[in-house]
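Visitor: The structure file upload_4.tsv (TSV, C-alpha atoms) is provided below.
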chain	number	residue	atom	x	y	z
E	1	MET	CA	168.28	77.81	225.88
E	2	LEU	CA	168.04	74.12	224.96
E	3	ASN	CA	164.22	74.03	225.25
E	4	LYS	CA	163.40	77.08	223.20
E	5	GLY	CA	166.51	77.45	221.07
E	6	CYS	CA	168.09	80.82	220.40
E	7	THR	CA	168.99	83.13	217.58
E	8	GLU	CA	172.32	82.74	215.82
E	9	ALA	CA	173.32	86.20	217.02
E	10	ASP	CA	172.59	85.32	220.66
E	11	LEU	CA	174.39	82.00	220.34
E	12	PHE	CA	177.57	83.48	218.98
E	13	SER	CA	177.46	86.37	221.41
E	14	PHE	CA	177.41	83.79	224.20
E	15	LEU	CA	180.25	81.79	222.62
E	16	ALA	CA	182.30	84.94	222.12
E	17	SER	CA	181.94	85.76	225.81
E	18	LYS	CA	183.37	82.35	226.66
E	19	LYS	CA	186.19	82.76	224.17
E	20	ARG	CA	187.13	86.02	225.90
E	21	GLU	CA	187.55	84.06	229.14
E	22	ASP	CA	190.35	82.03	227.53
E	23	MET	CA	193.93	83.16	227.98
E	24	ASP	CA	195.46	85.27	225.23
E	25	HIS	CA	198.02	82.98	223.54
E	26	ARG	CA	200.60	85.75	223.67
E	27	TYR	CA	200.82	85.25	227.43
E	28	ILE	CA	200.71	81.44	227.54
E	29	LEU	CA	204.25	80.23	228.21
E	30	SER	CA	203.41	76.87	229.78
E	31	SER	CA	201.68	74.96	226.97
E	32	MET	CA	203.16	72.27	224.72
E	33	CYS	CA	200.46	73.06	222.18
E	34	THR	CA	200.42	76.16	220.02
E	35	LEU	CA	198.34	78.08	217.51
E	36	PRO	CA	197.70	75.77	214.55
E	37	HIS	CA	199.36	76.64	211.27
E	38	PRO	CA	196.92	78.24	208.79
E	39	VAL	CA	197.30	75.32	206.37
E	40	ALA	CA	196.31	72.93	209.19
E	41	VAL	CA	193.15	74.96	209.84
E	42	ARG	CA	192.23	75.01	206.17
E	43	ALA	CA	192.81	71.25	205.78
E	44	HIS	CA	190.93	70.54	209.01
E	45	ASP	CA	187.90	72.46	207.73
E	46	MET	CA	187.86	70.35	204.55
E	47	PHE	CA	187.56	67.08	206.52
E	48	MET	CA	185.34	68.11	209.45
E	49	GLU	CA	182.75	65.37	208.90
E	50	THR	CA	185.12	62.45	208.34
E	51	ASN	CA	185.35	59.50	210.73
E	52	LEU	CA	188.36	57.19	210.61
E	53	GLY	CA	186.51	54.82	212.91
E	54	ASP	CA	184.72	53.52	209.80
E	55	PRO	CA	187.43	54.07	207.17
E	56	GLY	CA	185.63	52.33	204.31
E	57	LEU	CA	183.19	55.24	204.25
E	58	PHE	CA	186.03	57.75	203.96
E	59	PRO	CA	188.72	56.10	201.81
E	60	GLY	CA	190.37	59.40	200.92
E	61	THR	CA	190.79	60.35	204.58
E	62	ALA	CA	192.04	56.85	205.40
E	63	SER	CA	194.69	57.23	202.71
E	64	LEU	CA	195.81	60.49	204.37
E	65	GLU	CA	196.27	58.63	207.65
E	66	ARG	CA	198.46	56.07	205.89
E	67	LEU	CA	200.48	58.91	204.35
E	68	LEU	CA	200.91	60.54	207.76
E	69	ILE	CA	202.26	57.31	209.23
E	70	GLU	CA	204.56	56.94	206.22
E	71	ARG	CA	205.86	60.50	206.71
E	72	PHE	CA	206.68	59.84	210.36
E	73	GLY	CA	208.09	56.41	209.60
E	74	THR	CA	210.47	57.99	207.11
E	75	LEU	CA	211.36	60.76	209.56
E	76	PHE	CA	212.09	58.10	212.19
E	77	HIS	CA	214.21	55.95	209.84
E	78	LYS	CA	211.62	53.23	209.18
E	79	PRO	CA	209.56	54.08	206.07
E	80	ASP	CA	207.53	50.86	206.36
E	81	ALA	CA	206.63	51.41	210.03
E	82	GLY	CA	203.14	50.53	211.15
E	83	GLY	CA	200.87	52.67	213.26
E	84	TYR	CA	197.83	54.90	213.29
E	85	ALA	CA	196.65	58.37	214.24
E	86	THR	CA	195.67	58.71	217.91
E	87	SER	CA	194.18	61.52	219.98
E	88	GLY	CA	197.62	62.31	221.41
E	89	GLY	CA	200.38	61.05	223.67
E	90	THR	CA	198.10	59.65	226.36
E	91	GLU	CA	196.34	57.31	223.93
E	92	SER	CA	199.61	56.43	222.16
E	93	ASN	CA	201.32	55.54	225.44
E	94	LEU	CA	198.34	53.49	226.62
E	95	GLN	CA	198.22	51.60	223.32
E	96	ALA	CA	201.97	50.95	223.41
E	97	LEU	CA	201.68	49.34	226.85
E	98	ARG	CA	198.54	47.49	225.80
E	99	LEU	CA	200.55	46.08	222.89
E	100	ALA	CA	203.45	45.14	225.17
E	101	LYS	CA	201.03	43.39	227.52
E	102	ALA	CA	199.46	41.44	224.66
E	103	LEU	CA	202.87	40.29	223.42
E	104	CYS	CA	204.08	39.10	226.83
E	105	HIS	CA	202.33	36.31	228.73
E	106	THR	CA	203.82	36.56	232.23
E	107	LYS	CA	201.26	36.88	235.01
E	108	ALA	CA	202.78	39.52	237.29
E	109	GLN	CA	203.68	42.16	234.72
E	110	ASN	CA	205.71	45.32	235.31
E	111	VAL	CA	206.85	48.25	233.21
E	112	ILE	CA	209.93	50.37	233.87
E	113	VAL	CA	209.53	54.14	233.41
E	114	PRO	CA	211.65	57.17	234.35
E	115	GLN	CA	210.54	59.48	237.14
E	116	SER	CA	210.16	62.09	234.42
E	117	ALA	CA	207.52	60.02	232.58
E	118	HIS	CA	204.28	61.73	231.62
E	119	PHE	CA	201.33	61.08	233.93
E	120	SER	CA	199.64	59.14	231.13
E	121	PHE	CA	201.75	56.12	232.11
E	122	LYS	CA	200.11	56.13	235.54
E	123	LYS	CA	196.72	56.04	233.84
E	124	ALA	CA	197.82	53.32	231.43
E	125	CYS	CA	199.24	51.08	234.15
E	126	ASP	CA	196.12	51.54	236.29
E	127	ILE	CA	193.87	50.58	233.38
E	128	LEU	CA	196.00	47.61	232.34
E	129	SER	CA	196.80	46.40	235.90
E	130	ILE	CA	200.55	46.63	235.34
E	131	GLU	CA	203.05	47.39	238.12
E	132	THR	CA	204.98	50.62	237.53
E	133	ARG	CA	208.67	50.65	238.44
E	134	SER	CA	210.01	54.18	238.55
E	135	VAL	CA	213.66	54.87	237.70
E	136	PRO	CA	215.43	57.82	239.37
E	137	LEU	CA	216.94	60.59	237.28
E	138	GLY	CA	220.55	61.63	237.23
E	139	PRO	CA	221.68	65.19	238.07
E	140	ASP	CA	221.01	66.14	234.44
E	141	LYS	CA	217.31	65.11	234.79
E	142	ARG	CA	217.79	62.12	232.48
E	143	MET	CA	216.87	58.52	233.26
E	144	ASP	CA	219.60	56.59	235.12
E	145	VAL	CA	220.57	53.75	232.76
E	146	ASP	CA	222.18	51.53	235.40
E	147	ALA	CA	219.22	51.91	237.75
E	148	ALA	CA	216.86	50.98	234.92
E	149	ALA	CA	218.85	47.84	234.12
E	150	GLU	CA	218.75	46.75	237.77
E	151	LEU	CA	214.94	46.87	237.83
E	152	ILE	CA	214.48	44.46	234.92
E	153	ASP	CA	213.28	40.97	235.81
E	154	ARG	CA	211.44	38.10	234.10
E	155	ASN	CA	208.10	39.89	234.61
E	156	THR	CA	209.19	43.12	232.89
E	157	ILE	CA	207.09	43.58	229.75
E	158	ALA	CA	208.31	47.01	228.68
E	159	LEU	CA	210.94	49.67	229.16
E	160	VAL	CA	209.93	53.30	228.54
E	161	ALA	CA	212.11	56.33	227.83
E	162	VAL	CA	211.25	59.92	226.98
E	163	ALA	CA	212.55	62.03	224.11
E	164	GLY	CA	211.80	65.56	225.32
E	165	THR	CA	210.51	65.34	228.88
E	166	THR	CA	207.43	67.37	229.73
E	167	GLU	CA	208.96	69.09	232.74
E	168	TYR	CA	212.59	69.68	231.76
E	169	GLY	CA	212.90	69.15	228.00
E	170	MET	CA	215.52	66.41	228.32
E	171	VAL	CA	216.17	63.38	226.15
E	172	ASP	CA	216.86	60.19	228.06
E	173	PRO	CA	219.97	58.14	227.09
E	174	ILE	CA	217.86	56.25	224.57
E	175	ALA	CA	220.72	54.67	222.64
E	176	ASP	CA	222.06	53.02	225.82
E	177	LEU	CA	218.57	51.99	226.93
E	178	ALA	CA	217.84	50.53	223.48
E	179	LYS	CA	220.88	48.28	223.83
E	180	ILE	CA	219.64	47.05	227.21
E	181	ALA	CA	216.17	46.40	225.84
E	182	ASP	CA	217.63	44.55	222.87
E	183	GLN	CA	219.86	42.41	225.07
E	184	HIS	CA	216.94	41.42	227.29
E	185	GLY	CA	214.45	41.06	224.45
E	186	ILE	CA	212.17	43.65	226.08
E	187	PHE	CA	209.58	45.83	224.36
E	188	PHE	CA	211.01	49.40	224.30
E	189	HIS	CA	208.66	52.35	223.91
E	190	VAL	CA	209.92	55.89	223.31
E	191	ASP	CA	207.55	58.68	224.31
E	192	ALA	CA	208.53	61.37	221.81
E	193	ALA	CA	205.16	63.13	222.00
E	194	PHE	CA	206.95	66.46	222.25
E	195	GLY	CA	210.51	65.84	221.07
E	196	GLY	CA	209.57	63.76	218.04
E	197	MET	CA	208.96	66.90	216.01
E	198	VAL	CA	211.91	68.79	217.46
E	199	ILE	CA	214.88	66.43	217.68
E	200	PRO	CA	215.03	65.39	213.98
E	201	PHE	CA	215.26	69.06	212.98
E	202	LEU	CA	218.04	70.10	215.36
E	203	ASP	CA	221.50	70.90	214.00
E	204	ASN	CA	222.82	67.87	215.91
E	205	PRO	CA	219.95	65.38	216.28
E	206	ILE	CA	220.07	62.97	219.20
E	207	PRO	CA	219.44	59.30	218.27
E	208	PHE	CA	216.05	58.23	219.66
E	209	ASP	CA	214.11	56.44	216.93
E	210	PHE	CA	213.99	53.27	214.81
E	211	SER	CA	217.60	53.85	213.75
E	212	LEU	CA	218.31	52.18	217.13
E	213	PRO	CA	217.63	48.42	216.83
E	214	GLY	CA	216.05	48.10	220.29
E	215	VAL	CA	213.25	50.67	219.78
E	216	THR	CA	209.85	48.98	219.36
E	217	THR	CA	207.31	51.83	219.32
E	218	ILE	CA	207.32	55.63	219.24
E	219	ALA	CA	204.67	58.17	220.25
E	220	VAL	CA	204.65	61.58	218.54
E	221	ASP	CA	202.14	64.45	218.69
E	222	PRO	CA	201.66	66.62	215.59
E	223	HIS	CA	199.38	68.89	217.65
E	224	LYS	CA	202.43	70.03	219.60
E	225	MET	CA	205.43	71.22	217.60
E	226	GLY	CA	203.76	69.97	214.41
E	227	MET	CA	201.29	72.88	214.71
E	228	SER	CA	198.31	70.73	213.76
E	229	THR	CA	194.79	71.17	215.06
E	230	ILE	CA	193.88	69.35	218.28
E	231	PRO	CA	193.73	66.37	218.76
E	232	ALA	CA	196.47	64.81	216.64
E	233	GLY	CA	198.88	62.14	217.82
E	234	CYS	CA	200.49	59.08	216.24
E	235	LEU	CA	201.72	55.73	217.48
E	236	LEU	CA	204.43	54.17	215.29
E	237	THR	CA	205.49	50.51	215.43
E	238	ARG	CA	208.72	49.04	214.08
E	239	GLU	CA	206.92	46.14	212.40
E	240	PRO	CA	204.11	47.10	209.99
E	241	ASP	CA	201.57	44.58	211.31
E	242	MET	CA	202.52	44.60	214.99
E	243	LEU	CA	199.24	46.19	216.11
E	244	ASP	CA	197.18	43.37	214.61
E	245	VAL	CA	197.52	41.43	217.87
E	246	LEU	CA	195.12	44.00	219.39
E	247	ASN	CA	192.41	43.47	216.75
E	248	ILE	CA	188.84	42.96	217.86
E	249	ASP	CA	185.84	42.11	215.69
E	250	THR	CA	183.82	45.06	214.35
E	251	PRO	CA	181.20	43.19	212.29
E	252	TYR	CA	178.89	46.07	211.36
E	253	LEU	CA	181.60	48.45	210.10
E	254	THR	CA	183.21	48.62	206.67
E	255	VAL	CA	186.29	47.00	208.22
E	256	LYS	CA	185.70	43.80	210.18
E	257	LYS	CA	188.56	44.20	212.67
E	258	GLU	CA	190.13	47.19	214.44
E	259	TYR	CA	193.09	47.59	216.80
E	260	THR	CA	192.51	51.26	217.66
E	261	LEU	CA	191.45	52.38	221.14
E	262	ALA	CA	188.81	54.92	220.14
E	263	GLY	CA	185.86	53.99	217.97
E	264	THR	CA	184.98	57.28	216.33
E	265	ARG	CA	188.23	58.98	215.26
E	266	PRO	CA	188.23	62.41	213.60
E	267	GLY	CA	189.90	62.62	210.22
E	268	ALA	CA	190.21	66.41	210.23
E	269	PRO	CA	193.28	66.68	212.50
E	270	VAL	CA	195.00	63.98	210.44
E	271	ALA	CA	194.53	66.09	207.32
E	272	GLY	CA	195.80	69.11	209.25
E	273	ALA	CA	198.90	67.31	210.48
E	274	LEU	CA	199.80	66.01	207.03
E	275	ALA	CA	199.17	69.44	205.49
E	276	VAL	CA	201.73	71.10	207.80
E	277	LEU	CA	204.38	68.43	207.18
E	278	ASP	CA	204.00	68.57	203.42
E	279	TYR	CA	203.69	72.36	203.25
E	280	LEU	CA	206.71	73.15	205.40
E	281	GLY	CA	208.87	70.18	204.49
E	282	SER	CA	212.12	69.42	206.27
E	283	GLU	CA	213.64	72.86	205.70
E	284	GLY	CA	210.53	74.63	206.96
E	285	MET	CA	210.42	72.52	210.10
E	286	LYS	CA	214.12	73.14	210.69
E	287	ALA	CA	213.45	76.88	210.54
E	288	ILE	CA	210.57	76.62	213.03
E	289	VAL	CA	212.63	74.53	215.45
E	290	ALA	CA	215.68	76.79	215.06
E	291	GLY	CA	213.56	79.80	216.00
E	292	CYS	CA	212.14	78.09	219.07
E	293	MET	CA	215.59	76.95	220.22
E	294	LYS	CA	217.01	80.46	219.66
E	295	ASN	CA	214.24	81.91	221.84
E	296	THR	CA	214.92	79.27	224.50
E	297	ARG	CA	218.61	80.20	224.64
E	298	ARG	CA	217.75	83.91	224.76
E	299	LEU	CA	215.33	83.34	227.62
E	300	ILE	CA	217.94	81.41	229.61
E	301	ALA	CA	220.58	84.07	228.98
E	302	GLY	CA	218.14	86.86	229.88
E	303	MET	CA	217.13	85.22	233.15
E	304	GLU	CA	220.79	84.80	234.07
E	305	THR	CA	221.22	88.58	233.89
E	306	TYR	CA	218.75	88.77	236.80
E	307	GLY	CA	220.70	86.15	238.74
E	308	VAL	CA	218.17	83.39	238.03
E	309	ARG	CA	219.80	80.05	237.30
E	310	ALA	CA	218.45	77.59	234.75
E	311	ALA	CA	217.61	74.23	236.35
E	312	THR	CA	218.98	72.32	233.33
E	313	SER	CA	220.56	72.81	229.94
E	314	PRO	CA	217.59	71.52	227.91
E	315	ASP	CA	217.82	69.37	224.79
E	316	VAL	CA	214.59	70.83	223.36
E	317	ASN	CA	212.68	74.08	223.73
E	318	VAL	CA	211.66	73.79	227.39
E	319	ALA	CA	213.39	76.09	229.88
E	320	THR	CA	213.24	75.69	233.66
E	321	PHE	CA	214.50	78.03	236.35
E	322	VAL	CA	215.27	78.05	240.06
E	323	CYS	CA	212.64	80.68	240.69
E	324	ASP	CA	209.37	80.79	242.62
E	325	LYS	CA	207.51	83.73	241.07
E	326	ALA	CA	206.52	85.03	237.64
E	327	PRO	CA	205.05	88.39	236.61
E	328	ALA	CA	201.39	88.83	235.68
E	329	PRO	CA	199.74	88.26	233.23
E	330	TRP	CA	202.20	85.63	232.02
E	331	ARG	CA	201.08	82.01	232.45
E	332	VAL	CA	203.97	79.73	233.39
E	333	SER	CA	203.94	76.38	235.17
E	334	TRP	CA	205.98	74.67	237.87
E	335	THR	CA	207.71	71.31	237.92
E	336	ARG	CA	207.28	68.80	240.73
E	337	ALA	CA	210.57	70.06	242.14
E	338	GLY	CA	209.25	73.64	242.19
E	339	HIS	CA	211.16	75.00	239.19
E	340	MET	CA	209.53	77.59	236.97
E	341	ARG	CA	208.85	76.08	233.52
E	342	ILE	CA	208.46	77.86	230.17
E	343	VAL	CA	207.94	76.19	226.79
E	344	CYS	CA	209.13	78.26	223.83
E	345	MET	CA	206.50	77.20	221.31
E	346	PRO	CA	206.10	78.84	217.87
E	347	HIS	CA	203.56	81.33	219.28
E	348	VAL	CA	206.14	82.41	221.89
E	349	THR	CA	207.95	84.84	219.64
E	350	ALA	CA	211.17	86.74	220.25
E	351	ASP	CA	209.03	89.78	221.14
E	352	CYS	CA	207.18	87.68	223.75
E	353	ILE	CA	210.49	86.63	225.31
E	354	GLU	CA	211.71	90.22	225.50
E	355	ALA	CA	208.41	91.41	226.99
E	356	PHE	CA	208.48	88.64	229.61
E	357	LEU	CA	212.09	89.44	230.54
E	358	SER	CA	211.22	93.13	230.85
E	359	ASP	CA	208.23	92.39	233.11
E	360	PHE	CA	210.34	89.96	235.13
E	361	GLY	CA	212.98	92.64	235.59
E	362	ASP	CA	210.35	95.17	236.68
E	363	MET	CA	208.98	92.68	239.22
E	364	HIS	CA	212.43	92.28	240.76
E	365	ALA	CA	213.44	95.94	240.57
Take the structure in this file and express it as structure tokens.

Guide:
Amino acid sequence: MLNKGCTEADLFSFLASKKREDMDHRYILSSMCTLPHPVAVRAHDMFMETNLGDPGLFPGTASLERLLIERFGTLFHKPDAGGYATSGGTESNLQALRLAKALCHTKAQNVIVPQSAHFSFKKACDILSIETRSVPLGPDKRMDVDAAAELIDRNTIALVAVAGTTEYGMVDPIADLAKIADQHGIFFHVDAAFGGMVIPFLDNPIPFDFSLPGVTTIAVDPHKMGMSTIPAGCLLTREPDMLDVLNIDTPYLTVKKEYTLAGTRPGAPVAGALAVLDYLGSEGMKAIVAGCMKNTRRLIAGMETYGVRAATSPDVNVATFVCDKAPAPWRVSWTRAGHMRIVCMPHVTADCIEAFLSDFGDMHA
């Protein structure tokens, strides 16, 4: 096809066949991403050609990135926070540890992470040649604060906690960990890639952000509960200019220094992320989160009627069960401990939950 080209009809027939191989979103219960909001799609389409890697060429798009960081800074109780738009949690977590490494000059560096930490921290520590010290979880699947404190030594460059764990939907005891980090003068990164757009909109939000003096950086992913187009993440820093320590020379661009990890960075998902935040506002996001949490509670209650116990009482919209089988065609996932895991994203409607419970009941009849 590459040598001779093809007709537009043949091309899109081929693409359509591949699209049909993808899972129908109605049956995907394991993803922390969802169908993008229509306003995100429309905004994305408007900025398809923009490249934030050379922001002087796209000043309007660059201003949208600054607005997005301002929106999240305000949401996280630090309107003047620094940061930039990343490709997602993996890049944000890597950059946070890269920043911690640059700010600390010990030779044998280590970082303390919970056993529930996302696998991106393994990648980041491998790339940066940092020792990973893993902290066990308590019975509630949250990081053990005392165990974390015991692992800190003079070579510890960062402490990491998670706000909305990937496997169990739990929020670590971040307020207690922030105090420890503050007392030791340690860089404290909060991975809120998932929970960052859930927790602030709960009826009783759990403190996890810059309202806690010890928190240094926060990762959040608009392409998850923010319903933006993929990829869209953000790394926020407490101090506006903190990332400048990572600057390298970029002499042939419109800016002469950059601290970002990627060179070319798409502007379209940034526009999409900002569009959703501004269109829905706080009340709209609260309604979305309330619906997802209601479906999570219904799922847990429904599974209990079949004698299936929930593995935890989750803080966000992730439900896990002591169960080893799910009905077809539903796509679930399994935690490292073997628990069935379902994420009640916006595309997982109340009707989806009822249909899954019905099929689950039929499977066990």

Visitor: May I have a table of the residues of region 87-129 of chain E lying at most 9 Å from region 229-232 of chain E, giving each one's closest pair of atoms and their distance in Å to one decimal, counting all atoms listed in the file, ordered by chain and ascending residue number, as JSON lines?

Guide:
{"residue": "E:Ser87", "atom": "CA", "partner": "E:Pro231", "partner_atom": "CA", "distance": 5.0}
{"residue": "E:Gly88", "atom": "CA", "partner": "E:Ala232", "partner_atom": "CA", "distance": 5.5}
{"residue": "E:Gly89", "atom": "CA", "partner": "E:Ala232", "partner_atom": "CA", "distance": 8.9}

Visitor: Report the closest atom pair, with its distance in Å rounded to one decimal, for each residue of region 236-354 of chain E that has an atom no farther than 12 Å from region 14-24 of chain E; count only C-alpha atoms, sort by chain and then rising residue number, and write it as CSV.

Guide:
residue,atom,partner,partner_atom,distance
E:Pro329,CA,E:Met23,CA,9.3
E:Trp330,CA,E:Met23,CA,9.5
E:Arg331,CA,E:Met23,CA,8.5
E:Val332,CA,E:Met23,CA,11.9
E:His347,CA,E:Asp24,CA,10.8
E:Val348,CA,E:Asp24,CA,11.5

Visitor: As an exercise, work out the distance from CA of Thr312 (chain E) to CA of Ala337 (chain E) in Å and give it to one decimal place.

Guide: 12.4 Å

Visitor: Which residues, protein or nucleic acid, reach to within 7 Å of (206.7, 48.8, 218.5) in the file's coordinates when using all atoms listed in the file, and can you give that as a list in words?

Guide: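 Applying the cut-off with all atoms listed in the file, one gets His189, Val215, Thr216, Thr217, Ile218, Leu236, Thr237, Arg238, Glu239 and Met242 of chain E.
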
Visitor: Please list, as a PyMOL selection string, the residues that have an atom at most 10 Å away from (188.3, 52.2, 207.6) in the coordinates of this file, counting only C-alpha atoms.

Guide: chain E and resi 51-59+61-63+253-258

Visitor: Taking into account all atoms listed in the file, which residue in the set E:Met303, E:Met227, E:Leu177, E:Cys104 is nearest to Leu274 (chain E)?

Guide: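 Among the listed residues, the smallest separation from Leu274 (chain E) belongs to E:Met227.
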
Visitor: Give me the residues within 12 Å of Gly83 (chain E) as a PyMOL selection string, counting only C-alpha atoms and dropping any in the same chain fewer than 5 places off.

Guide: chain E and resi 65-73+78+92+95-96+99+216-220+233-244+259-260

Visitor: List as a list in words the protein and nucleic acid residues near region 115-122 of chain E, meaning an atom at most 8 Å away when all atoms listed in the file are counted, but skip any in the same chain fewer than 4 places from it.

Guide: Gly89, Thr90, Asn93, Leu94, Asp126, Thr132, Ser134, Val135, Pro136, Leu137, Lys141, Arg142, Met143, Ala161, Val162, Thr165, Thr166 and Glu167 of chain E

Visitor: Smallest atom-to-atom distance to Asn247 (chain E): which of E:Ile28, E:Met46, E:Leu202, E:Ala102, using only C-alpha atoms?

Guide: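 Among E:Ile28, E:Met46, E:Leu202, E:Ala102, it is E:Ala102 that comes nearest to Asn247 (chain E).
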
Visitor: Find, counting only C-alpha atoms, the residue in E:Val113, E:Ala147, E:Asp315, E:Gly226 that gets nearest to Val190 (chain E).

Guide: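 Checking each candidate against Val190 (chain E), we get E:Val113 as the closest.
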
Visitor: Mind pulling up the distance from CA of Ala178 (chain E) to CA of Thr156 (chain E)?

Guide: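 Those two atoms sit 14.8 Å apart.
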